[in-house]
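Participant: Next comes coords.csv, CSV, C-alpha atoms:
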```
chain,number,residue,atom,x,y,z
A,79,MET,CA,-16.6,28.1,7.6
A,80,ASP,CA,-18.9,25.5,6.1
A,81,VAL,CA,-18.0,21.8,6.1
A,82,ILE,CA,-19.1,18.7,4.4
A,83,VAL,CA,-18.6,15.6,6.5
A,84,ASP,CA,-19.0,11.9,6.1
A,85,LEU,CA,-19.9,10.5,9.5
A,86,CYS,CA,-19.7,6.8,10.5
A,87,VAL,CA,-20.4,6.0,14.1
A,88,VAL,CA,-19.6,2.5,15.3
A,89,PRO,CA,-20.8,1.3,18.8
A,90,ILE,CA,-18.4,-1.2,20.4
A,91,GLY,CA,-19.5,-3.7,23.1
A,92,ALA,CA,-23.2,-3.2,22.1
A,93,GLY,CA,-23.7,-6.4,20.2
A,94,VAL,CA,-23.4,-7.2,16.5
A,95,SER,CA,-26.5,-5.3,15.3
A,96,VAL,CA,-25.9,-1.5,15.3
A,97,SER,CA,-28.9,-0.4,13.3
A,98,SER,CA,-30.8,1.0,16.3
A,99,HIS,CA,-27.8,3.1,17.3
A,100,ILE,CA,-27.4,4.4,13.7
A,101,ALA,CA,-31.2,5.2,13.6
A,102,ALA,CA,-30.8,7.2,16.8
A,103,CYS,CA,-28.0,9.2,15.1
A,104,GLN,CA,-30.2,9.7,12.0
A,105,ARG,CA,-32.8,11.2,14.3
A,106,VAL,CA,-30.2,13.6,15.8
A,107,ILE,CA,-29.1,14.6,12.4
A,108,GLY,CA,-32.6,15.0,11.1
A,109,ASP,CA,-33.6,17.1,14.1
A,110,SER,CA,-30.7,19.5,13.4
A,111,GLY,CA,-32.2,20.7,10.2
A,112,LEU,CA,-28.9,20.3,8.4
A,113,SER,CA,-28.8,18.9,4.9
A,114,HIS,CA,-27.8,15.2,5.0
A,115,GLN,CA,-27.8,12.0,3.0
A,116,MET,CA,-27.4,8.5,4.4
A,117,HIS,CA,-25.5,5.8,2.4
A,118,ALA,CA,-24.5,2.3,3.2
A,119,TYR,CA,-21.4,3.2,5.1
A,120,GLY,CA,-22.1,6.5,6.8
A,121,THR,CA,-24.1,9.8,6.4
A,122,ASN,CA,-23.0,13.0,4.6
A,123,ILE,CA,-23.9,16.2,6.4
A,124,GLU,CA,-23.2,19.8,5.4
A,125,GLY,CA,-23.5,23.1,7.1
A,126,PRO,CA,-21.6,25.6,9.4
A,127,TRP,CA,-18.7,23.9,11.1
A,128,ASP,CA,-19.9,24.4,14.7
A,129,GLU,CA,-23.4,23.1,13.9
A,130,VAL,CA,-22.2,20.0,12.2
A,131,MET,CA,-19.7,19.2,14.9
A,132,ALA,CA,-22.4,19.7,17.6
A,133,VAL,CA,-24.4,17.0,15.8
A,134,VAL,CA,-21.4,14.7,15.8
A,135,LYS,CA,-21.0,15.2,19.5
A,136,ARG,CA,-24.7,14.7,20.2
A,137,CYS,CA,-24.5,11.4,18.3
A,138,HIS,CA,-21.8,10.1,20.6
A,139,GLU,CA,-23.8,11.2,23.7
A,140,VAL,CA,-27.0,9.6,22.5
A,141,VAL,CA,-25.3,6.3,21.5
A,142,HIS,CA,-23.6,6.1,25.0
A,143,GLU,CA,-27.0,6.9,26.6
A,144,MET,CA,-28.4,3.9,24.7
A,145,GLY,CA,-25.9,1.7,26.6
A,146,ALA,CA,-22.9,1.4,24.2
A,147,PRO,CA,-19.9,1.6,26.5
A,148,ARG,CA,-17.5,2.5,23.7
A,149,ILE,CA,-17.7,4.2,20.3
A,150,THR,CA,-15.3,4.6,17.4
A,151,THR,CA,-16.2,7.1,14.7
A,152,THR,CA,-14.6,7.8,11.4
A,153,LEU,CA,-15.3,11.3,10.1
A,154,LYS,CA,-14.2,12.7,6.8
A,155,MET,CA,-14.3,16.5,6.8
A,156,GLY,CA,-14.0,18.8,3.8
A,157,THR,CA,-13.6,22.6,3.8
A,158,ARG,CA,-12.8,25.0,1.0
A,159,THR,CA,-12.2,28.7,0.7
A,160,ASP,CA,-12.1,29.1,-3.0
A,161,ARG,CA,-15.8,28.8,-3.6
A,162,GLU,CA,-19.0,27.5,-2.1
A,163,GLN,CA,-19.7,23.9,-2.8
A,164,ARG,CA,-22.6,21.8,-1.6
A,165,MET,CA,-22.9,18.0,-1.5
A,166,GLN,CA,-24.9,17.7,-4.6
A,167,ASP,CA,-22.4,19.9,-6.5
A,168,LYS,CA,-19.7,17.3,-5.9
A,169,VAL,CA,-21.8,14.4,-7.2
A,170,ASP,CA,-23.0,16.5,-10.2
A,171,SER,CA,-19.5,17.5,-11.3
A,172,VAL,CA,-18.4,13.9,-11.5
A,173,ASP,CA,-21.7,12.8,-13.1
A,174,ALA,CA,-21.2,15.6,-15.8
A,175,LEU,CA,-17.8,14.2,-16.7
A,176,LEU,CA,-19.1,10.6,-16.8
A,177,GLY,CA,-22.0,11.8,-19.0
A,178,ASP,CA,-19.4,12.9,-21.6
A,179,ASP,CA,-18.3,9.3,-22.1
B,245,MET,CA,-16.7,13.4,27.7
B,246,ASP,CA,-13.0,12.8,26.8
B,247,VAL,CA,-12.0,11.7,23.4
B,248,ILE,CA,-9.0,10.2,21.7
B,249,VAL,CA,-8.7,11.2,18.1
B,250,ASP,CA,-6.4,10.4,15.2
B,251,LEU,CA,-6.2,13.5,13.0
B,252,CYS,CA,-4.9,13.5,9.4
B,253,VAL,CA,-5.3,16.9,7.6
B,254,VAL,CA,-4.7,16.9,3.9
B,255,PRO,CA,-4.4,20.2,2.0
B,256,ILE,CA,-5.6,20.0,-1.6
B,257,GLY,CA,-4.5,22.4,-4.3
B,258,ALA,CA,-1.4,23.4,-2.3
B,259,GLY,CA,1.2,21.4,-4.1
B,260,VAL,CA,2.7,18.0,-3.6
B,261,SER,CA,4.6,18.8,-0.4
B,262,VAL,CA,2.3,19.2,2.6
B,263,SER,CA,4.9,19.1,5.4
B,264,SER,CA,4.7,22.8,6.1
B,265,HIS,CA,1.0,22.6,6.6
B,266,ILE,CA,1.3,19.6,8.8
B,267,ALA,CA,4.0,21.4,10.8
B,268,ALA,CA,1.6,24.3,11.3
B,269,CYS,CA,-1.0,21.9,12.6
B,270,GLN,CA,1.5,20.4,15.0
B,271,ARG,CA,2.1,23.9,16.4
B,272,VAL,CA,-1.6,24.4,16.9
B,273,ILE,CA,-1.8,21.0,18.6
B,274,GLY,CA,1.3,21.7,20.7
B,275,ASP,CA,0.0,25.2,21.8
B,276,SER,CA,-3.2,23.6,23.0
B,277,GLY,CA,-1.4,21.8,25.8
B,278,LEU,CA,-3.3,18.6,25.0
B,279,SER,CA,-1.5,15.2,25.0
B,280,HIS,CA,-0.5,14.3,21.5
B,281,GLN,CA,1.7,12.0,19.5
B,282,MET,CA,2.5,12.4,15.8
B,283,HIS,CA,3.0,9.3,13.6
B,284,ALA,CA,3.6,8.8,9.9
B,285,TYR,CA,0.0,9.1,8.9
B,286,GLY,CA,-1.6,11.5,11.4
B,287,THR,CA,-1.5,12.7,15.0
B,288,ASN,CA,-3.2,11.2,18.1
B,289,ILE,CA,-4.6,13.8,20.5
B,290,GLU,CA,-6.6,13.2,23.7
B,291,GLY,CA,-8.6,15.4,26.0
B,292,PRO,CA,-12.0,16.9,26.6
B,293,TRP,CA,-14.2,16.7,23.5
B,294,ASP,CA,-14.6,20.4,23.0
B,295,GLU,CA,-10.9,21.2,23.5
B,296,VAL,CA,-9.9,18.6,21.0
B,297,MET,CA,-12.4,19.6,18.5
B,298,ALA,CA,-11.4,23.3,18.8
B,299,VAL,CA,-7.9,22.2,17.9
B,300,VAL,CA,-9.2,20.4,14.8
B,301,LYS,CA,-11.1,23.5,13.7
B,302,ARG,CA,-8.1,25.7,14.3
B,303,CYS,CA,-6.0,23.4,12.1
B,304,HIS,CA,-8.4,23.9,9.2
B,305,GLU,CA,-8.4,27.7,9.7
B,306,VAL,CA,-4.6,27.8,9.9
B,307,VAL,CA,-4.0,25.6,6.8
B,308,HIS,CA,-6.5,27.8,4.8
B,309,GLU,CA,-4.7,30.9,6.0
B,310,MET,CA,-1.5,29.5,4.6
B,311,GLY,CA,-3.1,29.4,1.2
B,312,ALA,CA,-4.6,26.0,0.8
B,313,PRO,CA,-7.9,26.5,-1.0
B,314,ARG,CA,-9.3,23.1,0.0
B,315,ILE,CA,-8.7,20.6,2.8
B,316,THR,CA,-9.9,17.0,3.4
B,317,THR,CA,-9.4,15.6,6.9
B,318,THR,CA,-9.8,12.1,8.1
B,319,LEU,CA,-10.6,11.9,11.8
B,320,LYS,CA,-11.0,8.8,13.9
B,321,MET,CA,-12.7,9.6,17.3
B,322,GLY,CA,-13.0,7.2,20.2
B,323,THR,CA,-15.0,7.7,23.4
B,324,ARG,CA,-15.9,5.4,26.2
B,325,THR,CA,-18.0,5.6,29.3
B,326,ASP,CA,-17.1,2.3,31.0
B,327,ARG,CA,-13.7,3.6,32.2
B,328,GLU,CA,-11.0,6.2,31.7
B,329,GLN,CA,-8.5,5.3,29.1
B,330,ARG,CA,-5.5,7.2,27.8
B,331,MET,CA,-3.6,6.8,24.6
B,332,GLN,CA,-0.7,5.1,26.3
B,333,ASP,CA,-3.1,2.6,27.9
B,334,LYS,CA,-4.3,1.4,24.5
B,335,VAL,CA,-0.7,0.7,23.3
B,336,ASP,CA,0.3,-0.8,26.6
B,337,SER,CA,-2.6,-3.3,26.7
B,338,VAL,CA,-1.7,-4.6,23.3
B,339,ASP,CA,2.0,-4.7,24.1
B,340,ALA,CA,1.3,-6.7,27.3
B,341,LEU,CA,-0.5,-9.3,25.2
B,342,LEU,CA,2.3,-9.5,22.7
B,343,GLY,CA,4.8,-9.8,25.5
B,344,ASP,CA,3.1,-13.0,26.5
B,345,ASP,CA,4.2,-14.7,23.2
C,47,MET,CA,3.8,0.5,-6.3
C,48,ASP,CA,4.7,1.0,-2.7
C,49,VAL,CA,2.1,2.1,-0.2
C,50,ILE,CA,2.1,3.5,3.4
C,51,VAL,CA,-1.1,2.7,5.2
C,52,ASP,CA,-2.6,3.4,8.6
C,53,LEU,CA,-4.7,0.4,9.6
C,54,CYS,CA,-7.3,0.4,12.3
C,55,VAL,CA,-9.3,-2.9,12.7
C,56,VAL,CA,-12.4,-2.8,14.9
C,57,PRO,CA,-14.2,-6.0,15.8
C,58,ILE,CA,-18.0,-5.5,16.4
C,59,GLY,CA,-20.0,-7.9,18.5
C,60,ALA,CA,-17.0,-9.2,20.2
C,61,GLY,CA,-17.3,-7.3,23.5
C,62,VAL,CA,-15.9,-4.0,24.7
C,63,SER,CA,-12.3,-5.0,25.0
C,64,VAL,CA,-10.6,-5.4,21.6
C,65,SER,CA,-7.0,-5.6,22.6
C,66,SER,CA,-6.7,-9.4,22.1
C,67,HIS,CA,-7.9,-8.9,18.5
C,68,ILE,CA,-5.5,-6.0,17.9
C,69,ALA,CA,-2.7,-8.1,19.3
C,70,ALA,CA,-3.5,-10.9,16.9
C,71,CYS,CA,-3.3,-8.3,14.0
C,72,GLN,CA,0.0,-7.1,15.3
C,73,ARG,CA,1.3,-10.7,15.1
C,74,VAL,CA,0.1,-11.0,11.5
C,75,ILE,CA,1.8,-7.7,10.7
C,76,GLY,CA,5.0,-8.7,12.5
C,77,ASP,CA,5.1,-12.1,10.7
C,78,SER,CA,4.9,-10.3,7.4
C,79,GLY,CA,8.3,-8.8,7.8
C,80,LEU,CA,7.0,-5.4,6.6
C,81,SER,CA,8.0,-2.2,8.4
C,82,HIS,CA,5.4,-1.1,10.8
C,83,GLN,CA,4.7,1.1,13.8
C,84,MET,CA,1.8,0.8,16.2
C,85,HIS,CA,0.2,3.9,17.7
C,86,ALA,CA,-2.8,4.6,19.9
C,87,TYR,CA,-5.3,4.5,17.1
C,88,GLY,CA,-3.9,2.1,14.5
C,89,THR,CA,-0.7,0.8,13.0
C,90,ASN,CA,1.3,2.2,10.1
C,91,ILE,CA,2.6,-0.3,7.6
C,92,GLU,CA,4.7,0.3,4.5
C,93,GLY,CA,5.8,-1.9,1.6
C,94,PRO,CA,4.7,-3.2,-1.8
C,95,TRP,CA,0.9,-2.7,-2.4
C,96,ASP,CA,0.1,-6.4,-2.7
C,97,GLU,CA,2.1,-7.5,0.3
C,98,VAL,CA,0.5,-4.8,2.5
C,99,MET,CA,-3.0,-5.5,1.3
C,100,ALA,CA,-2.4,-9.3,1.9
C,101,VAL,CA,-1.7,-8.4,5.5
C,102,VAL,CA,-4.9,-6.4,5.8
C,103,LYS,CA,-6.9,-9.3,4.5
C,104,ARG,CA,-5.2,-11.7,6.8
C,105,CYS,CA,-6.0,-9.5,9.8
C,106,HIS,CA,-9.7,-9.7,8.9
C,107,GLU,CA,-9.5,-13.5,8.5
C,108,VAL,CA,-7.8,-13.9,11.9
C,109,VAL,CA,-10.1,-11.6,13.8
C,110,HIS,CA,-13.1,-13.5,12.4
C,111,GLU,CA,-11.5,-16.8,13.3
C,112,MET,CA,-11.2,-15.5,16.9
C,113,GLY,CA,-15.0,-15.2,16.9
C,114,ALA,CA,-15.7,-11.7,15.9
C,115,PRO,CA,-18.8,-11.8,13.7
C,116,ARG,CA,-18.3,-8.4,12.2
C,117,ILE,CA,-15.4,-6.1,11.5
C,118,THR,CA,-15.1,-2.5,10.4
C,119,THR,CA,-11.7,-1.2,9.4
C,120,THR,CA,-10.6,2.2,8.6
C,121,LEU,CA,-7.6,2.3,6.3
C,122,LYS,CA,-5.6,5.3,5.1
C,123,MET,CA,-3.5,4.5,2.0
C,124,GLY,CA,-0.8,6.8,0.6
C,125,THR,CA,1.1,6.3,-2.7
C,126,ARG,CA,3.4,8.6,-4.6
C,127,THR,CA,5.2,8.4,-7.9
C,128,ASP,CA,7.4,11.5,-7.7
C,129,ARG,CA,9.9,10.0,-5.3
C,130,GLU,CA,10.3,7.3,-2.8
C,131,GLN,CA,9.2,8.1,0.7
C,132,ARG,CA,9.3,6.0,3.8
C,133,MET,CA,7.3,6.4,7.0
C,134,GLN,CA,10.2,7.9,8.9
C,135,ASP,CA,10.8,10.5,6.2
C,136,LYS,CA,7.3,11.8,6.7
C,137,VAL,CA,7.8,12.3,10.4
C,138,ASP,CA,11.3,13.7,9.9
C,139,SER,CA,10.3,16.3,7.4
C,140,VAL,CA,7.7,17.7,9.8
C,141,ASP,CA,10.1,17.5,12.7
C,142,ALA,CA,12.7,19.4,10.7
C,143,LEU,CA,10.3,22.3,10.1
C,144,LEU,CA,9.2,22.3,13.8
C,145,GLY,CA,12.9,22.3,14.8
C,146,ASP,CA,13.3,25.6,13.0
C,147,ASP,CA,11.0,27.3,15.4
D,108,MET,CA,-15.1,-13.3,2.1
D,109,ASP,CA,-17.3,-10.5,0.8
D,110,VAL,CA,-16.6,-6.9,1.8
D,111,ILE,CA,-18.5,-3.6,1.6
D,112,VAL,CA,-16.2,-0.6,1.3
D,113,ASP,CA,-16.4,3.1,1.2
D,114,LEU,CA,-13.7,4.5,-1.0
D,115,CYS,CA,-12.5,8.1,-1.1
D,116,VAL,CA,-9.5,8.7,-3.3
D,117,VAL,CA,-7.8,12.1,-3.0
D,118,PRO,CA,-5.1,13.2,-5.5
D,119,ILE,CA,-2.5,15.6,-4.0
D,120,GLY,CA,-0.4,18.0,-6.1
D,121,ALA,CA,-2.9,17.8,-9.0
D,122,GLY,CA,-4.7,21.1,-8.5
D,123,VAL,CA,-7.8,22.0,-6.5
D,124,SER,CA,-10.3,20.3,-8.8
D,125,VAL,CA,-10.3,16.6,-8.4
D,126,SER,CA,-13.5,15.7,-10.2
D,127,SER,CA,-11.7,14.4,-13.4
D,128,HIS,CA,-9.7,12.0,-11.2
D,129,ILE,CA,-12.8,10.9,-9.4
D,130,ALA,CA,-14.6,10.3,-12.7
D,131,ALA,CA,-11.8,8.1,-13.8
D,132,CYS,CA,-12.1,6.1,-10.7
D,133,GLN,CA,-15.9,5.8,-11.3
D,134,ARG,CA,-15.1,4.4,-14.7
D,135,VAL,CA,-12.8,1.8,-13.2
D,136,ILE,CA,-15.4,0.9,-10.6
D,137,GLY,CA,-18.2,0.7,-13.3
D,138,ASP,CA,-16.0,-1.5,-15.6
D,139,SER,CA,-15.5,-4.0,-12.7
D,140,GLY,CA,-19.2,-4.9,-12.8
D,141,LEU,CA,-19.3,-4.7,-9.0
D,142,SER,CA,-22.3,-3.1,-7.2
D,143,HIS,CA,-21.5,0.5,-6.3
D,144,GLN,CA,-23.1,3.7,-5.3
D,145,MET,CA,-21.4,7.2,-5.4
D,146,HIS,CA,-22.2,9.7,-2.7
D,147,ALA,CA,-20.8,13.2,-2.0
D,148,TYR,CA,-17.8,12.0,-0.1
D,149,GLY,CA,-16.9,8.6,-1.6
D,150,THR,CA,-18.2,5.5,-3.3
D,151,ASN,CA,-19.6,2.4,-1.7
D,152,ILE,CA,-18.6,-0.9,-3.5
D,153,GLU,CA,-19.5,-4.4,-2.5
D,154,GLY,CA,-18.2,-7.8,-3.6
D,155,PRO,CA,-15.6,-10.5,-3.1
D,156,TRP,CA,-12.6,-9.0,-1.2
D,157,ASP,CA,-10.0,-9.6,-3.9
D,158,GLU,CA,-12.2,-8.1,-6.7
D,159,VAL,CA,-12.9,-5.0,-4.6
D,160,MET,CA,-9.3,-4.5,-3.6
D,161,ALA,CA,-8.2,-4.9,-7.2
D,162,VAL,CA,-10.5,-2.0,-8.1
D,163,VAL,CA,-9.0,0.1,-5.3
D,164,LYS,CA,-5.5,-0.6,-6.6
D,165,ARG,CA,-6.5,0.1,-10.2
D,166,CYS,CA,-7.9,3.5,-9.1
D,167,HIS,CA,-4.5,4.4,-7.6
D,168,GLU,CA,-2.8,3.4,-10.8
D,169,VAL,CA,-5.2,5.3,-13.1
D,170,VAL,CA,-5.0,8.5,-11.0
D,171,HIS,CA,-1.2,8.4,-11.0
D,172,GLU,CA,-1.3,7.8,-14.8
D,173,MET,CA,-3.4,10.9,-15.1
D,174,GLY,CA,-0.5,12.9,-13.6
D,175,ALA,CA,-1.2,13.0,-9.9
D,176,PRO,CA,2.1,12.6,-8.1
D,177,ARG,CA,0.6,11.7,-4.8
D,178,ILE,CA,-2.7,10.1,-3.6
D,179,THR,CA,-4.2,9.7,-0.2
D,180,THR,CA,-7.2,7.3,0.1
D,181,THR,CA,-9.5,6.7,3.0
D,182,LEU,CA,-11.1,3.3,2.8
D,183,LYS,CA,-13.7,1.9,5.3
D,184,MET,CA,-14.0,-1.9,4.9
D,185,GLY,CA,-16.7,-4.0,6.5
D,186,THR,CA,-16.8,-7.8,6.6
D,187,ARG,CA,-19.1,-10.1,8.6
D,188,THR,CA,-19.4,-13.9,9.0
D,189,ASP,CA,-22.7,-14.2,10.8
D,190,ARG,CA,-24.8,-13.6,7.7
D,191,GLU,CA,-24.8,-12.1,4.2
D,192,GLN,CA,-25.5,-8.4,4.0
D,193,ARG,CA,-25.6,-6.2,1.0
D,194,MET,CA,-25.3,-2.4,0.9
D,195,GLN,CA,-29.0,-1.9,0.5
D,196,ASP,CA,-29.8,-4.1,3.5
D,197,LYS,CA,-27.8,-1.7,5.7
D,198,VAL,CA,-29.8,1.3,4.6
D,199,ASP,CA,-33.1,-0.6,4.7
D,200,SER,CA,-32.6,-1.7,8.3
D,201,VAL,CA,-32.0,1.8,9.5
D,202,ASP,CA,-34.9,3.2,7.4
D,203,ALA,CA,-37.2,0.5,8.8
D,204,LEU,CA,-36.4,1.7,12.4
D,205,LEU,CA,-36.9,5.4,11.4
D,206,GLY,CA,-40.2,4.5,9.8
D,207,ASP,CA,-41.4,3.3,13.1
D,208,ASP,CA,-41.2,6.9,14.5
```
Starting from the file, lay out its structure as structure tokens.

Facilitator:
Amino acid sequence: MDVIVDLCVVPIGAGVSVSSHIAACQRVIGDSGLSHQMHAYGTNIEGPWDEVMAVVKRCHEVVHEMGAPRITTTLKMGTRTDREQRMQDKVDSVDALLGDD
Amino acid sequence: MDVIVDLCVVPIGAGVSVSSHIAACQRVIGDSGLSHQMHAYGTNIEGPWDEVMAVVKRCHEVVHEMGAPRITTTLKMGTRTDREQRMQDKVDSVDALLGDD
Amino acid sequence: MDVIVDLCVVPIGAGVSVSSHIAACQRVIGDSGLSHQMHAYGTNIEGPWDEVMAVVKRCHEVVHEMGAPRITTTLKMGTRTDREQRMQDKVDSVDALLGDD
Amino acid sequence: MDVIVDLCVVPIGAGVSVSSHIAACQRVIGDSGLSHQMHAYGTNIEGPWDEVMAVVKRCHEVVHEMGAPRITTTLKMGTRTDREQRMQDKVDSVDALLGDD
């Protein structure tokens, strides 16, 4: 079962700037070899369920190891069985409709 | 690493009523033996990371098996390393402050 | 248009304990007179869209006034036009199915 | 008070393909004149709180008008009082750290 997720990891009790923690998560995601795309409020990742979820867990571990005592993450997770769909397909199908305007 | 999550599974393309799918998820959660509490917009679950995430995966599998071609889930996930905290502790600490009013 | 939301306000850069900020939000919600129910990872609120969203905004204002320099909120929002539904109805319809087991 | 949001609107009971509804939301967002960026699991929007929230409400109205009887939305909302920050700043600050690798 493949999954497309939107991952947003928020360290709590680690100060107001969280960019170093997010950068550490980006390295974890990049090292996984999974397809991913960062945006201003999270990172989309796609791949086999267990591989993607291992990345999410590793992000929590790494951010704690950096000293954050507490983390709250918001994760959107999409699966489908009717057909394969990749991240870019989702954007393309909306863009195609908008292009008809 | 323990985690407290708030799980909200939404079947897409399975009609307007989703209560049967949610009930199936509740059975998966209940069968896991993990502490949990349903509310009007999701279910809180707490326990070891891998056990909780196995339940989330099983919910997706079961809802697909029931015929939903597509699922979108919103999952909040909280971990902390400074101390142990259970779901009830979080509610109690806020209630204690409100009780001081 | 009525809405049922699940509101989770997270102060960033305000230390590891956030219960005082959450309690302040609970006071805002309680003062609104809207139906609400706190759980371990947020608070469900129901009512007319504009009234509920005014409460969400007021929560951000109050938490900033308490000194939190940054806030990230996760808000689930449900609307429906096919029939009226209240928070308790959602829980009841799932419980009824589980009761058939 | 400015806000950066990540908006993900999900029609329920409107079939398995939701791209036409998402495209309609993109038109609402585009017509608002607010800065925005679509990704594979939502759209980031930034601007004054009331303007952004009016767009979110209008998205719900439009998707219902298209025939969706039920909608569930997941909205992440970020505000800060310590300094101004735009969507691109968030991405740039993480990219700068990654570039140091």

Participant: Around the point (-7.0, -8.5, 7.6) (coordinates from the file), which residues reach within 12 Å if we count only C-alpha atoms? Answer as a compact mmCIF listing (two decimals) with C-alpha atoms, in the frame of the given file.

Facilitator:
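The resulting file, out_8.txt, is shown below:
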```txt
# COMPACT_ATOMS: atom_id res chain seq x y z
CA LEU C 53 -4.70 0.40 9.60
CA CYS C 54 -7.30 0.40 12.30
CA VAL C 55 -9.30 -2.90 12.70
CA VAL C 56 -12.40 -2.80 14.90
CA PRO C 57 -14.20 -6.00 15.80
CA HIS C 67 -7.90 -8.90 18.50
CA ILE C 68 -5.50 -6.00 17.90
CA ALA C 70 -3.50 -10.90 16.90
CA CYS C 71 -3.30 -8.30 14.00
CA GLN C 72 0.00 -7.10 15.30
CA ARG C 73 1.30 -10.70 15.10
CA VAL C 74 0.10 -11.00 11.50
CA ILE C 75 1.80 -7.70 10.70
CA GLU C 97 2.10 -7.50 0.30
CA VAL C 98 0.50 -4.80 2.50
CA MET C 99 -3.00 -5.50 1.30
CA ALA C 100 -2.40 -9.30 1.90
CA VAL C 101 -1.70 -8.40 5.50
CA VAL C 102 -4.90 -6.40 5.80
CA LYS C 103 -6.90 -9.30 4.50
CA ARG C 104 -5.20 -11.70 6.80
CA CYS C 105 -6.00 -9.50 9.80
CA HIS C 106 -9.70 -9.70 8.90
CA GLU C 107 -9.50 -13.50 8.50
CA VAL C 108 -7.80 -13.90 11.90
CA VAL C 109 -10.10 -11.60 13.80
CA HIS C 110 -13.10 -13.50 12.40
CA GLU C 111 -11.50 -16.80 13.30
CA ILE C 117 -15.40 -6.10 11.50
CA THR C 118 -15.10 -2.50 10.40
CA THR C 119 -11.70 -1.20 9.40
CA THR C 120 -10.60 2.20 8.60
CA LEU C 121 -7.60 2.30 6.30
CA MET D 108 -15.10 -13.30 2.10
CA VAL D 110 -16.60 -6.90 1.80
CA TRP D 156 -12.60 -9.00 -1.20
CA ASP D 157 -10.00 -9.60 -3.90
CA MET D 184 -14.00 -1.90 4.90
CA GLY D 185 -16.70 -4.00 6.50
CA THR D 186 -16.80 -7.80 6.60
```

Participant: Kindly give the distance, in Å, that separates atom CA of D:Arg177 and atom CA of A:Thr121, rounded to a single decimal.

Facilitator: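 So the two atoms, atom CA of D:Arg177 and atom CA of A:Thr121, lie 27.2 Å apart.
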
Participant: Kindly indicate which residue among D:Ile111, D:Gly149, D:Gly120, D:Ser139 lies nearest to A:Val172, using only C-alpha atoms for the distances.

Facilitator: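 Closest candidate: D:Gly149.
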
Participant: Quick one: which residues from chain C are at most 6 Å off chain B, using all atoms listed in the file, as a ChimeraX atom specification?

Facilitator: /C:65,69,86,133,136-137,140

Participant: Applying 9 Å and all atoms listed in the file, which residues near B:Gly259 remain after dropping the ones on its own chain fewer than 5 positions away? List them as an MDAnalysis selection string.

Facilitator: (chainID B and resid 312) or (chainID D and resid 119:122)

Participant: Between atom CA of C:Gly113 and atom CA of B:Arg327, what is the distance, to one decimal in Å?

Facilitator: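 Interatomic distance, atom CA of C:Gly113 to atom CA of B:Arg327: 24.3 Å.
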
Participant: Between atom CA of B:Leu278 and atom CA of B:Thr325, what is the distance in Å, rounded to a tenth?

Facilitator: 20.1 Å
